[in-house]
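Visitor: Quick one: the structure is below, questions incoming.
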Amino acid sequence: ALAAGATLWRACGLTPAQQAALRQPQPRSLDASRAWLDHPDHHLLGWHHPDYPPLLRRSPHPPLALFIAGDPSLAWHPAVAIVGSRSPTPAGREHAAAFARALSATGLAIASGLAAGVDTAAHHATLAAGGRTLAVLGTGPDVPYPRSNTALHASIVAQGAIISEHLPGTGPRREHFPSRNRILAGLSLGTLVVEAAHRSGALITARLAAECGREVMALPGSIDNPLARGCHRLIRDGAALVEHPDEVVALLAPLAGPLAGDLRARLAAPTSEVAPPGRTRRPRPPRRPDTHESAPRPPTPLPPATGGPPAHTDPDHNTLWQALGSDPTDMDQLVARTGLTPARLSSILLLMELEGRVEAQHGRYHRSR
């Protein structure tokens with residue numbers, strides 16, 4: 001990008017301010033980003049990377065790149081965003097935690113923004129239940145905000161994923177938080193608003209989710225609770241009124257089908273080699289940004305889970321199926337049994353979950369009964 005020159009920058013539609021920034025890049029920021037990426041659990045997924053999350057790619061304004069600390073495969077995992085007030089009532093905090101626990105137990109990932117209040121309650125409850133959680137930040141991926149969530153930030157990096165479009169070291173800026181909401185909405189199959197006042201950032205996330213064509217849901221509350229008014233407004237405008245986690249699952253299930261198709265297409269493509277720690281993988285030749293993923297191939301029919309190995313053309317898929325049984329098995333055991341990398345296993349397990357052939361409980365996997 002820096003070597004391309006002003007002619008190409010103008011042809012790509014960059015503003016004069018963006019062109020000026022490219023003429024005088026900040027060496028400290030670039031050096032800090034390179035140093036951050038030297039860590040084996042830190043990743044950078046650009047728009048042209050084959051693992052760029054497909055749901056986000058189809059949203060109206062996807063970021064050009066994502067910095068991810070933790071497990072990058074969570075950006076593909078079916079997720080529901082749980083958002084709400086930074087100062088919820090005790091009941092609102094309990095509802096956020098209860099829905100997060102119940103929805104994570106179904107295999108959904110819980111996405112939120114690491115903010116105080118509802119976001120924090122949802123992340124904590126998911127981690128405590130052994131579920132998958134991802135946090136989308138309005139800061140750099142290495143900058144917890146608020147600072148009181150520093151320990152939670154570290155826990156999510158270790159057990160989930162932190163996602164940001166901003167360079168490492170970027171501090172909190174007011175304008176970054178509304179824009180980060182579009183990423184949260186774009187990564188999720190739907191957005192659940194627990195408590196929100198009339199003027200709440202959670203309502204921005206809900207509006208952006210609707211613009212992405214995703215499901216918008218809200219919990220009703222007392223007419224005397226000012227933090228329920230935003231939810232009531234959403235319901236009047238067409239959001240789904242939900243009272244139980246099962247209702248959320250029923251609403252999101254039809255939306256998971258296209259994501260399964262994206263995953264099948266990705267697994268059918270050649271797998272990139274795993275780079276050693278401290279190095280980034282060589283990207284594929286870039287594609288035009290206005291093109292979409294090719295249409296997914298139809299799924300290969302699989303026999304019932306009680307039968308023998310699935311009739312699948314992918315030998316890795318069949319190897320993993322043979323390694324699974326009725327007893328829950330953790331990832332380390334599956335790596336030892338199959339010889340596959342954790343990244344490859346995660347992708348195939350996710351596809352099996354979407355097909356209903358595999359269940360996950362507290363990080364362990366077994367064939368569905």
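Numbering starts fresh at 1 for the residues of each chain in the structure tokens, the chains themselves are lettered A, B, ... in the order given, and ligands are numbered from 1 as they appear.
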What's around segment 175-183 of chain A at 6 Å? Count only C-alpha atoms, leave out sequence neighbours fewer than 3 positions away in its own chain, and write the answer as a ChimeraX atom specification.
Guide: /A:138,186,205,208
Visitor: Excluding Asp31 of chain A and its own-chain neighbours fewer than 6 positions away, which residues fall within 12 Å of it when counting only C-alpha atoms? Please give them as an mmCIF file with C-alpha atoms, in the first residue's frame.
Guide:
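File produced: out.cif:
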```cif
data_model
loop_
_atom_site.group_PDB
_atom_site.id
_atom_site.type_symbol
_atom_site.label_atom_id
_atom_site.label_comp_id
_atom_site.auth_asym_id
_atom_site.auth_seq_id
_atom_site.Cartn_x
_atom_site.Cartn_y
_atom_site.Cartn_z
ATOM 1 C CA PRO A 25 3.223 6.719 8.057
ATOM 2 C CA LEU A 37 2.051 -9.908 15.515
ATOM 3 C CA ASP A 38 5.224 -11.772 16.503
ATOM 4 C CA LEU A 167 -3.718 -0.961 15.386
ATOM 5 C CA PRO A 168 -2.238 -2.363 18.596
ATOM 6 C CA GLY A 169 -1.663 0.425 21.096
#
```
Visitor: Using only C-alpha atoms, which protein or nucleic acid residues come within 10 Å of Ala196 of chain A? Drop anything in the same chain fewer than 3 positions from it, and give the result as a PyMOL selection string.
Guide: chain A and resi 83-88+92+118+193+199-203+218-219+225-234
Visitor: How many Å lie between atom CA of Ile68 of chain A and atom CA of Asn149 of chain A, rounded to one decimal?
Guide: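 Those two atoms sit 17.7 Å apart.
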Visitor: What is the distance, in Å and to one decimal place, between atom CA of Leu187 of chain A and atom CA of Leu55 of chain A?
Guide: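 So the answer is 5.7 Å.
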Visitor: Which is closest to Ala116 of chain A among A:Arg101, A:Arg147, A:Arg28, A:His42, if we use only C-alpha atoms?
Guide: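 Of all the options, A:Arg147 lies closest to Ala116 of chain A.
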Visitor: List every residue of segment 103-211 of chain A that DSSP, applied to the backbone of this structure, assigns to strand (DSSP E), and report them as a short mmCIF file (atom, residue, chain, number, x, y, z; two decimals) with N, CA, C and O atoms, in the first residue's frame.
Guide:
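Written output follows (result_36.cif):
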```
data_model
loop_
_atom_site.label_atom_id
_atom_site.label_comp_id
_atom_site.auth_asym_id
_atom_site.auth_seq_id
_atom_site.Cartn_x
_atom_site.Cartn_y
_atom_site.Cartn_z
N ALA A 109 -21.58 -19.14 20.15
CA ALA A 109 -20.62 -18.25 20.79
C ALA A 109 -21.36 -16.99 21.24
O ALA A 109 -22.34 -16.57 20.63
N ILE A 110 -20.87 -16.39 22.32
CA ILE A 110 -21.46 -15.15 22.84
C ILE A 110 -20.52 -14.00 22.50
O ILE A 110 -19.36 -13.98 22.92
N ALA A 111 -21.03 -13.04 21.74
CA ALA A 111 -20.24 -11.88 21.34
C ALA A 111 -20.74 -10.65 22.08
O ALA A 111 -21.94 -10.50 22.31
N SER A 112 -19.80 -9.78 22.45
CA SER A 112 -20.18 -8.52 23.07
C SER A 112 -19.00 -7.56 22.94
O SER A 112 -18.03 -7.85 22.23
N THR A 133 -16.56 -17.22 23.82
CA THR A 133 -16.93 -15.81 23.81
C THR A 133 -15.91 -15.01 23.03
O THR A 133 -14.71 -15.33 23.02
N LEU A 134 -16.38 -13.97 22.34
CA LEU A 134 -15.49 -13.07 21.63
C LEU A 134 -15.91 -11.64 21.93
O LEU A 134 -17.09 -11.34 22.09
N ALA A 135 -14.91 -10.78 22.06
CA ALA A 135 -15.14 -9.38 22.39
C ALA A 135 -14.63 -8.50 21.26
O ALA A 135 -13.48 -8.68 20.81
N VAL A 136 -15.45 -7.58 20.80
CA VAL A 136 -15.07 -6.64 19.76
C VAL A 136 -14.78 -5.30 20.43
O VAL A 136 -15.66 -4.75 21.10
N ALA A 161 -11.65 -14.98 21.98
CA ALA A 161 -11.01 -14.13 20.98
C ALA A 161 -11.33 -12.67 21.24
O ALA A 161 -12.47 -12.32 21.56
N ILE A 162 -10.31 -11.83 21.13
CA ILE A 162 -10.44 -10.38 21.15
C ILE A 162 -10.27 -9.90 19.71
O ILE A 162 -9.32 -10.28 19.04
N ILE A 163 -11.19 -9.05 19.23
CA ILE A 163 -11.18 -8.62 17.84
C ILE A 163 -11.22 -7.09 17.78
O ILE A 163 -11.99 -6.45 18.50
N SER A 164 -10.39 -6.52 16.91
CA SER A 164 -10.37 -5.07 16.73
C SER A 164 -9.92 -4.74 15.32
O SER A 164 -9.12 -5.48 14.73
N GLY A 190 -27.38 -12.75 15.15
CA GLY A 190 -28.42 -11.88 15.68
C GLY A 190 -27.93 -11.13 16.89
O GLY A 190 -26.88 -11.46 17.46
N THR A 191 -28.67 -10.11 17.28
CA THR A 191 -28.32 -9.28 18.43
C THR A 191 -29.46 -9.28 19.43
O THR A 191 -30.61 -9.02 19.05
N LEU A 192 -29.14 -9.58 20.68
CA LEU A 192 -30.11 -9.57 21.77
C LEU A 192 -29.83 -8.38 22.67
O LEU A 192 -28.73 -8.26 23.22
N VAL A 193 -30.82 -7.49 22.83
CA VAL A 193 -30.68 -6.32 23.70
C VAL A 193 -31.36 -6.65 25.02
O VAL A 193 -32.56 -6.94 25.05
#
```
Visitor: Find, counting only C-alpha atoms, the residue in A:Arg58, A:Gly131, A:Gly160, A:Ala17 that gets nearest to Asp41 of chain A.
Guide: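 Comparing A:Arg58, A:Gly131, A:Gly160, A:Ala17 against Asp41 of chain A, the winner is A:Gly160.
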Visitor: Identify all residues of segment 92-289 of chain A in alpha helix (DSSP H) (DSSP on the backbone) and supply them as a PyMOL selection string.
Guide: chain A and resi 92-105+118-128+150-159+176-187+201-211+229-236+245-252+256-268
Visitor: For atom CA of Thr319 of chain A and atom CA of Thr338 of chain A, quote the distance in Å rounded to one decimal.
Guide: 6.3 Å
Visitor: Compile the contact shell of Glu359 of chain A as a list in words: residues with an atom at most 6 Å away, counting only C-alpha atoms, same-chain residues fewer than 4 positions apart removed.
Guide: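 Here the qualifying residues turn out to be Tyr365, His366 and Ser368 of chain A.
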Visitor: If you keep N, CA, C and O atoms, can you produce a file of those selected residues as an mmCIF file, in the first residue's frame?
Guide:
```cif
data_model
loop_
_atom_site.group_PDB
_atom_site.id
_atom_site.type_symbol
_atom_site.label_atom_id
_atom_site.label_comp_id
_atom_site.auth_asym_id
_atom_site.auth_seq_id
_atom_site.Cartn_x
_atom_site.Cartn_y
_atom_site.Cartn_z
ATOM 1 N N TYR A 365 -15.739 -32.753 22.897
ATOM 2 C CA TYR A 365 -16.604 -33.052 21.759
ATOM 3 C C TYR A 365 -16.966 -34.536 21.742
ATOM 4 O O TYR A 365 -16.163 -35.401 22.104
ATOM 5 N N HIS A 366 -18.199 -34.824 21.298
ATOM 6 C CA HIS A 366 -18.622 -36.208 21.133
ATOM 7 C C HIS A 366 -19.678 -36.273 20.049
ATOM 8 O O HIS A 366 -20.297 -35.262 19.671
ATOM 9 N N SER A 368 -23.154 -36.784 18.288
ATOM 10 C CA SER A 368 -24.531 -36.537 18.767
ATOM 11 C C SER A 368 -25.259 -37.860 18.887
ATOM 12 O O SER A 368 -25.091 -38.790 18.093
#
```
